[in-house]
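input.pdb follows (PDB, C-alpha atoms, pLDDT in the B column):
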ATOM      1  CA  MET A  14       0.000   0.000   0.000  1.00 94.00           C
ATOM      2  CA  THR A  15       1.177   3.536  -0.745  1.00 97.00           C
ATOM      3  CA  ARG A  16       2.607   5.292   2.314  1.00 98.00           C
ATOM      4  CA  ILE A  17       2.551   9.061   2.794  1.00 98.00           C
ATOM      5  CA  GLY A  18       4.417  10.818   5.601  1.00 98.00           C
ATOM      6  CA  ILE A  19       2.893  13.968   7.075  1.00 98.00           C
ATOM      7  CA  ILE A  20       5.874  15.915   8.398  1.00 98.00           C
ATOM      8  CA  ILE A  21       5.414  18.415  11.221  1.00 98.00           C
ATOM      9  CA  GLY A  22       7.883  21.108  10.179  1.00 97.00           C
ATOM     10  CA  SER A  23       8.302  22.950  13.478  1.00 97.00           C
ATOM     11  CA  THR A  24       9.711  22.092  16.881  1.00 97.00           C
ATOM     12  CA  ARG A  25       9.085  25.487  18.445  1.00 95.00           C
ATOM     13  CA  PRO A  26       7.471  25.432  21.916  1.00 95.00           C
ATOM     14  CA  GLY A  27       3.779  26.262  21.548  1.00 94.00           C
ATOM     15  CA  ARG A  28       3.926  25.468  17.831  1.00 96.00           C
ATOM     16  CA  ASN A  29       0.789  25.513  15.705  1.00 97.00           C
ATOM     17  CA  GLY A  30       2.084  22.857  13.353  1.00 97.00           C
ATOM     18  CA  GLU A  31       1.144  19.902  15.500  1.00 98.00           C
ATOM     19  CA  ALA A  32      -2.562  20.816  15.511  1.00 98.00           C
ATOM     20  CA  VAL A  33      -2.469  21.475  11.761  1.00 98.00           C
ATOM     21  CA  ALA A  34      -0.729  18.154  11.040  1.00 98.00           C
ATOM     22  CA  LYS A  35      -3.186  16.243  13.214  1.00 98.00           C
ATOM     23  CA  TRP A  36      -6.053  17.848  11.280  1.00 98.00           C
ATOM     24  CA  VAL A  37      -4.432  16.803   7.982  1.00 98.00           C
ATOM     25  CA  HIS A  38      -3.879  13.282   9.337  1.00 98.00           C
ATOM     26  CA  GLU A  39      -7.476  13.002  10.588  1.00 98.00           C
ATOM     27  CA  ILE A  40      -8.873  13.967   7.181  1.00 98.00           C
ATOM     28  CA  ALA A  41      -6.321  11.921   5.225  1.00 98.00           C
ATOM     29  CA  SER A  42      -6.848   8.798   7.334  1.00 97.00           C
ATOM     30  CA  GLN A  43     -10.435   8.557   6.107  1.00 97.00           C
ATOM     31  CA  ARG A  44      -9.027   7.321   2.806  1.00 96.00           C
ATOM     32  CA  THR A  45      -8.677   3.578   2.256  1.00 95.00           C
ATOM     33  CA  ASP A  46      -6.306   3.658  -0.735  1.00 93.00           C
ATOM     34  CA  VAL A  47      -3.241   4.853   1.160  1.00 97.00           C
ATOM     35  CA  GLU A  48      -1.628   4.809   4.593  1.00 98.00           C
ATOM     36  CA  PHE A  49      -0.690   8.081   6.307  1.00 98.00           C
ATOM     37  CA  GLU A  50       1.729   8.535   9.195  1.00 98.00           C
ATOM     38  CA  LEU A  51       2.591  11.608  11.241  1.00 98.00           C
ATOM     39  CA  VAL A  52       6.316  12.317  11.369  1.00 98.00           C
ATOM     40  CA  ASP A  53       7.236  14.754  14.127  1.00 98.00           C
ATOM     41  CA  LEU A  54      10.656  16.376  13.878  1.00 98.00           C
ATOM     42  CA  LEU A  55      10.677  16.500  17.689  1.00 97.00           C
ATOM     43  CA  ASP A  56      11.136  12.721  17.609  1.00 97.00           C
ATOM     44  CA  TYR A  57      14.341  12.997  15.562  1.00 96.00           C
ATOM     45  CA  LYS A  58      17.175  14.720  17.348  1.00 93.00           C
ATOM     46  CA  LEU A  59      18.906  16.125  14.292  1.00 97.00           C
ATOM     47  CA  PRO A  60      21.580  18.650  15.262  1.00 96.00           C
ATOM     48  CA  HIS A  61      22.621  21.218  12.707  1.00 95.00           C
ATOM     49  CA  LEU A  62      23.892  19.118   9.815  1.00 93.00           C
ATOM     50  CA  ASP A  63      26.806  17.129  11.228  1.00 96.00           C
ATOM     51  CA  GLU A  64      27.613  14.647   8.465  1.00 96.00           C
ATOM     52  CA  ALA A  65      31.061  15.012   6.878  1.00 95.00           C
ATOM     53  CA  MET A  66      30.047  13.594   3.500  1.00 96.00           C
ATOM     54  CA  PRO A  67      27.451  15.170   1.197  1.00 96.00           C
ATOM     55  CA  PRO A  68      24.016  13.524   1.512  1.00 96.00           C
ATOM     56  CA  SER A  69      24.049  12.643  -2.193  1.00 96.00           C
ATOM     57  CA  LEU A  70      26.717  10.017  -1.431  1.00 96.00           C
ATOM     58  CA  GLY A  71      24.481   8.252   1.106  1.00 95.00           C
ATOM     59  CA  GLN A  72      27.412   7.564   3.428  1.00 97.00           C
ATOM     60  CA  TYR A  73      25.777   8.415   6.720  1.00 97.00           C
ATOM     61  CA  SER A  74      28.004   8.156   9.783  1.00 97.00           C
ATOM     62  CA  GLN A  75      25.661   9.307  12.544  1.00 97.00           C
ATOM     63  CA  PRO A  76      22.997   7.061  14.116  1.00 97.00           C
ATOM     64  CA  HIS A  77      20.460   9.903  14.059  1.00 97.00           C
ATOM     65  CA  THR A  78      21.000  10.319  10.313  1.00 97.00           C
ATOM     66  CA  ARG A  79      20.547   6.607   9.652  1.00 98.00           C
ATOM     67  CA  GLU A  80      17.327   6.579  11.711  1.00 98.00           C
ATOM     68  CA  TRP A  81      16.004   9.634   9.850  1.00 98.00           C
ATOM     69  CA  ALA A  82      17.009   8.139   6.485  1.00 98.00           C
ATOM     70  CA  ALA A  83      15.188   4.879   7.242  1.00 98.00           C
ATOM     71  CA  LYS A  84      12.014   6.745   8.198  1.00 98.00           C
ATOM     72  CA  ILE A  85      12.003   8.933   5.074  1.00 98.00           C
ATOM     73  CA  ALA A  86      12.905   5.994   2.813  1.00 98.00           C
ATOM     74  CA  SER A  87       9.826   4.130   4.091  1.00 98.00           C
ATOM     75  CA  PHE A  88       7.449   6.588   2.391  1.00 98.00           C
ATOM     76  CA  ASP A  89       6.242   6.979  -1.185  1.00 98.00           C
ATOM     77  CA  GLY A  90       5.310  10.642  -0.790  1.00 98.00           C
ATOM     78  CA  PHE A  91       4.924  13.446   1.699  1.00 98.00           C
ATOM     79  CA  VAL A  92       2.781  16.257   2.989  1.00 98.00           C
ATOM     80  CA  MET A  93       4.911  18.901   4.664  1.00 98.00           C
ATOM     81  CA  VAL A  94       3.216  21.070   7.240  1.00 98.00           C
ATOM     82  CA  THR A  95       5.293  24.217   7.409  1.00 98.00           C
ATOM     83  CA  PRO A  96       5.157  27.502   9.246  1.00 98.00           C
ATOM     84  CA  GLU A  97       6.421  30.644   7.598  1.00 97.00           C
ATOM     85  CA  TYR A  98       9.268  32.319   9.447  1.00 95.00           C
ATOM     86  CA  ASN A  99      10.847  35.408   7.862  1.00 95.00           C
ATOM     87  CA  HIS A 100       9.475  34.667   4.364  1.00 95.00           C
ATOM     88  CA  SER A 101      10.723  31.061   4.445  1.00 97.00           C
ATOM     89  CA  THR A 102      10.269  27.727   6.161  1.00 97.00           C
ATOM     90  CA  SER A 103      11.576  26.825   9.601  1.00 97.00           C
ATOM     91  CA  GLY A 104      15.274  26.166  10.034  1.00 97.00           C
ATOM     92  CA  VAL A 105      14.577  22.787  11.630  1.00 98.00           C
ATOM     93  CA  LEU A 106      12.600  21.607   8.596  1.00 98.00           C
ATOM     94  CA  LYS A 107      15.253  22.800   6.149  1.00 98.00           C
ATOM     95  CA  ASN A 108      17.933  21.091   8.237  1.00 98.00           C
ATOM     96  CA  ALA A 109      15.948  17.814   8.279  1.00 98.00           C
ATOM     97  CA  ILE A 110      15.536  17.975   4.510  1.00 98.00           C
ATOM     98  CA  ASP A 111      19.223  18.712   3.953  1.00 98.00           C
ATOM     99  CA  TYR A 112      20.347  15.624   5.873  1.00 98.00           C
ATOM    100  CA  LEU A 113      19.240  13.318   3.047  1.00 98.00           C
ATOM    101  CA  TYR A 114      19.157  13.061  -0.707  1.00 98.00           C
ATOM    102  CA  ALA A 115      18.243   9.715  -2.325  1.00 98.00           C
ATOM    103  CA  GLU A 116      15.538   9.052   0.275  1.00 98.00           C
ATOM    104  CA  TRP A 117      13.581  12.039  -1.113  1.00 98.00           C
ATOM    105  CA  ASN A 118      14.075  11.251  -4.816  1.00 98.00           C
ATOM    106  CA  ASN A 119      11.174  10.358  -7.109  1.00 98.00           C
ATOM    107  CA  LYS A 120       8.532  10.973  -4.499  1.00 98.00           C
ATOM    108  CA  ALA A 121       5.582  13.357  -4.529  1.00 98.00           C
ATOM    109  CA  ILE A 122       5.207  16.210  -2.098  1.00 98.00           C
ATOM    110  CA  GLY A 123       2.334  18.477  -1.135  1.00 98.00           C
ATOM    111  CA  PHE A 124       2.240  21.379   1.273  1.00 98.00           C
ATOM    112  CA  VAL A 125       0.055  22.696   4.072  1.00 98.00           C
ATOM    113  CA  SER A 126       1.351  26.024   5.313  1.00 98.00           C
ATOM    114  CA  TYR A 127       0.413  28.595   7.892  1.00 98.00           C
ATOM    115  CA  GLY A 128       1.453  32.122   8.711  1.00 96.00           C
ATOM    116  CA  SER A 129       0.407  35.741   8.470  1.00 93.00           C
ATOM    117  CA  VAL A 130      -0.033  35.387   4.700  1.00 93.00           C
ATOM    118  CA  GLY A 131      -0.843  31.689   4.772  1.00 96.00           C
ATOM    119  CA  GLY A 132       2.745  30.498   4.663  1.00 97.00           C
ATOM    120  CA  THR A 133       2.859  30.722   0.891  1.00 97.00           C
ATOM    121  CA  ARG A 134       6.362  32.188   0.781  1.00 97.00           C
ATOM    122  CA  ALA A 135       7.677  29.251   2.816  1.00 98.00           C
ATOM    123  CA  VAL A 136       6.132  26.871   0.299  1.00 98.00           C
ATOM    124  CA  GLU A 137       7.713  28.732  -2.614  1.00 98.00           C
ATOM    125  CA  HIS A 138      11.132  28.119  -1.052  1.00 98.00           C
ATOM    126  CA  LEU A 139      10.317  24.477  -0.375  1.00 98.00           C
ATOM    127  CA  ARG A 140       9.228  23.952  -3.981  1.00 98.00           C
ATOM    128  CA  LEU A 141      12.713  24.994  -5.145  1.00 98.00           C
ATOM    129  CA  VAL A 142      14.315  22.597  -2.679  1.00 98.00           C
ATOM    130  CA  ALA A 143      11.966  19.793  -3.753  1.00 98.00           C
ATOM    131  CA  GLY A 144      12.974  20.279  -7.370  1.00 98.00           C
ATOM    132  CA  GLU A 145      16.652  19.878  -6.496  1.00 97.00           C
ATOM    133  CA  LEU A 146      15.814  16.680  -4.618  1.00 98.00           C
ATOM    134  CA  GLN A 147      14.021  15.263  -7.672  1.00 98.00           C
ATOM    135  CA  MET A 148      10.643  15.410  -5.977  1.00 98.00           C
ATOM    136  CA  ALA A 149       7.357  16.076  -7.758  1.00 98.00           C
ATOM    137  CA  ASP A 150       5.632  18.943  -5.980  1.00 98.00           C
ATOM    138  CA  VAL A 151       1.901  19.018  -6.589  1.00 98.00           C
ATOM    139  CA  ARG A 152       0.138  22.202  -7.570  1.00 98.00           C
ATOM    140  CA  SER A 153      -2.584  22.313  -4.908  1.00 98.00           C
ATOM    141  CA  GLN A 154      -1.682  23.466  -1.445  1.00 97.00           C
ATOM    142  CA  VAL A 155      -3.498  24.525   1.695  1.00 98.00           C
ATOM    143  CA  ALA A 156      -2.557  27.973   2.995  1.00 98.00           C
ATOM    144  CA  LEU A 157      -3.844  28.759   6.481  1.00 98.00           C
ATOM    145  CA  SER A 158      -3.944  32.284   7.873  1.00 97.00           C
ATOM    146  CA  LEU A 159      -2.964  33.025  11.452  1.00 96.00           C
ATOM    147  CA  PHE A 160      -5.653  35.739  11.367  1.00 96.00           C
ATOM    148  CA  THR A 161      -8.629  33.682  10.180  1.00 96.00           C
ATOM    149  CA  ASP A 162      -7.798  30.011  10.859  1.00 97.00           C
ATOM    150  CA  PHE A 163      -6.442  30.416  14.382  1.00 96.00           C
ATOM    151  CA  GLU A 164      -8.134  31.887  17.418  1.00 95.00           C
ATOM    152  CA  ASN A 165      -5.732  34.244  19.225  1.00 95.00           C
ATOM    153  CA  PHE A 166      -3.067  33.101  16.737  1.00 94.00           C
ATOM    154  CA  SER A 167      -2.737  29.789  18.580  1.00 94.00           C
ATOM    155  CA  VAL A 168      -5.968  27.742  18.678  1.00 96.00           C
ATOM    156  CA  PHE A 169      -6.451  26.042  15.320  1.00 97.00           C
ATOM    157  CA  ARG A 170      -9.927  26.541  13.869  1.00 97.00           C
ATOM    158  CA  PRO A 171      -9.654  25.925  10.123  1.00 97.00           C
ATOM    159  CA  ALA A 172     -12.326  27.350   7.866  1.00 96.00           C
ATOM    160  CA  ASP A 173     -14.441  24.704   6.145  1.00 96.00           C
ATOM    161  CA  MET A 174     -13.336  26.064   2.773  1.00 96.00           C
ATOM    162  CA  HIS A 175      -9.931  24.410   3.279  1.00 98.00           C
ATOM    163  CA  LEU A 176     -11.382  20.882   3.153  1.00 97.00           C
ATOM    164  CA  ALA A 177     -11.804  20.862  -0.628  1.00 98.00           C
ATOM    165  CA  GLY A 178      -8.255  22.129  -1.147  1.00 98.00           C
ATOM    166  CA  LEU A 179      -6.880  19.546   1.263  1.00 98.00           C
ATOM    167  CA  ASP A 180      -8.729  16.742  -0.522  1.00 98.00           C
ATOM    168  CA  THR A 181      -7.426  17.925  -3.893  1.00 98.00           C
ATOM    169  CA  MET A 182      -3.851  18.161  -2.628  1.00 98.00           C
ATOM    170  CA  LEU A 183      -4.061  14.687  -1.076  1.00 98.00           C
ATOM    171  CA  ASP A 184      -5.477  13.270  -4.329  1.00 98.00           C
ATOM    172  CA  GLN A 185      -2.562  14.789  -6.223  1.00 98.00           C
ATOM    173  CA  VAL A 186       0.070  13.527  -3.773  1.00 98.00           C
ATOM    174  CA  VAL A 187      -1.354  10.003  -3.871  1.00 98.00           C
ATOM    175  CA  SER A 188      -1.659   9.984  -7.680  1.00 98.00           C
ATOM    176  CA  TRP A 189       1.879  11.268  -8.208  1.00 98.00           C
ATOM    177  CA  SER A 190       3.297   8.938  -5.555  1.00 98.00           C
ATOM    178  CA  ASN A 191       1.780   5.997  -7.378  1.00 98.00           C
ATOM    179  CA  ALA A 192       2.905   7.278 -10.788  1.00 97.00           C
ATOM    180  CA  LEU A 193       6.508   7.654  -9.583  1.00 98.00           C
ATOM    181  CA  ALA A 194       6.659   4.147  -8.093  1.00 97.00           C
ATOM    182  CA  SER A 195       8.379   2.705 -11.156  1.00 95.00           C
ATOM    183  CA  LEU A 196      11.205   5.263 -10.796  1.00 95.00           C
ATOM    184  CA  ARG A 197      11.857   4.317  -7.171  1.00 93.00           C
TER     185      ARG A 197
END
Once more with this new file: its structure as structure tokens, please.
Amino acid sequence: MTRIGIIIGSTRPGRNGEAVAKWVHEIASQRTDVEFELVDLLDYKLPHLDEAMPPSLGQYSQPHTREWAAKIASFDGFVMVTPEYNHSTSGVLKNAIDYLYAEWNNKAIGFVSYGSVGGTRAVEHLRLVAGELQMADVRSQVALSLFTDFENFSVFRPADMHLAGLDTMLDQVVSWSNALASLR
């Protein structure tokens, strides 16, 4: 069965990303054609990139890198839940991405973002990174506003209008993940 990882792209205390990712997982898990798993970066103690060799060589020396590589390799595609910090994604998510190379290749990726302008600038940066990693980024994304989808900027209350966009993005991630299977 196709496996999609939903990555929580923030480790900040009081983060909004966990609630957003759980919402994505709850909706996604209603599907029967694919298996979804939450992947919390808090569970992977990845210091600032500490591997001597470039990730493209796949010669990982650190146990935390090998654990992270095994987790990412186990998926056919991804949904990244990302905050927007200073017109980009979080440093911890970028660091986690940069640890690996081949484990990301030929897999689909979709985005759910949040921030003052819906996190769209963070996703634009991540799309460039995904291209370099030979990932297929899907067109649809869910952009959540801190002003309208969060009460007091911290209690997640997504507008119903986001459900259709989430379903479309999930459909695209699943379709592309399946289409890329022969390349993996």
Practice task
Just say which residues the PyMOL selection byres ((chain A and resi 171) around 6) picks in this file, as a list in words.
Solution key: Asp162, Arg170 and Ala172 of chain A
Find the spatial neighbours of stretch 41-56 of chain A, counting all atoms listed in the file, within a cut-off of 6 Å - ignore same-chain residues fewer than 3 positions away - and output them as an mmCIF file with C-alpha atoms, keeping the file's coordinate frame.
data_model
loop_
_atom_site.group_PDB
_atom_site.id
_atom_site.type_symbol
_atom_site.label_atom_id
_atom_site.label_comp_id
_atom_site.auth_asym_id
_atom_site.auth_seq_id
_atom_site.Cartn_x
_atom_site.Cartn_y
_atom_site.Cartn_z
ATOM 1 C CA MET A 14 0.000 0.000 0.000
ATOM 2 C CA THR A 15 1.177 3.536 -0.745
ATOM 3 C CA ARG A 16 2.607 5.292 2.314
ATOM 4 C CA ILE A 17 2.551 9.061 2.794
ATOM 5 C CA GLY A 18 4.417 10.818 5.601
ATOM 6 C CA ILE A 19 2.893 13.968 7.075
ATOM 7 C CA ILE A 20 5.874 15.915 8.398
ATOM 8 C CA ILE A 21 5.414 18.415 11.221
ATOM 9 C CA THR A 24 9.711 22.092 16.881
ATOM 10 C CA VAL A 37 -4.432 16.803 7.982
ATOM 11 C CA HIS A 38 -3.879 13.282 9.337
#
Handout entry: Pairwise distance for atom CA of A:Gly30 and atom CA of A:Ala115, rounded to one decimal in Å
Key =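 Computing the Euclidean distance for atom CA of A:Gly30 and atom CA of A:Ala115 yields 26.1 Å.
Shortest separation to A:Ala109 among A:Arg197, A:His175, A:Lys84, A:Arg140 occurs at residue A:Lys84, atoms counted being all atoms listed in the file.
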Practice task
Step by step, work through what the PyMOL selection byres ((chain A and resi 187) around 8) selects in the shown file, and finish by giving those residues as a PyMOL selection string.
Solution key: chain A and resi 15+17+47+90+121+183-186+188-191
Practice task
Mind checking which residues fall within 6 Å of stretch 96-107 of chain A, counting all atoms listed in the file, ignoring those fewer than 6 positions away in the same chain, and posting them as a list of chain:residue names?
Solution key: A:Gly22, A:Ser126, A:Tyr127, A:Gly128, A:Gly132, A:Arg134, A:Ala135
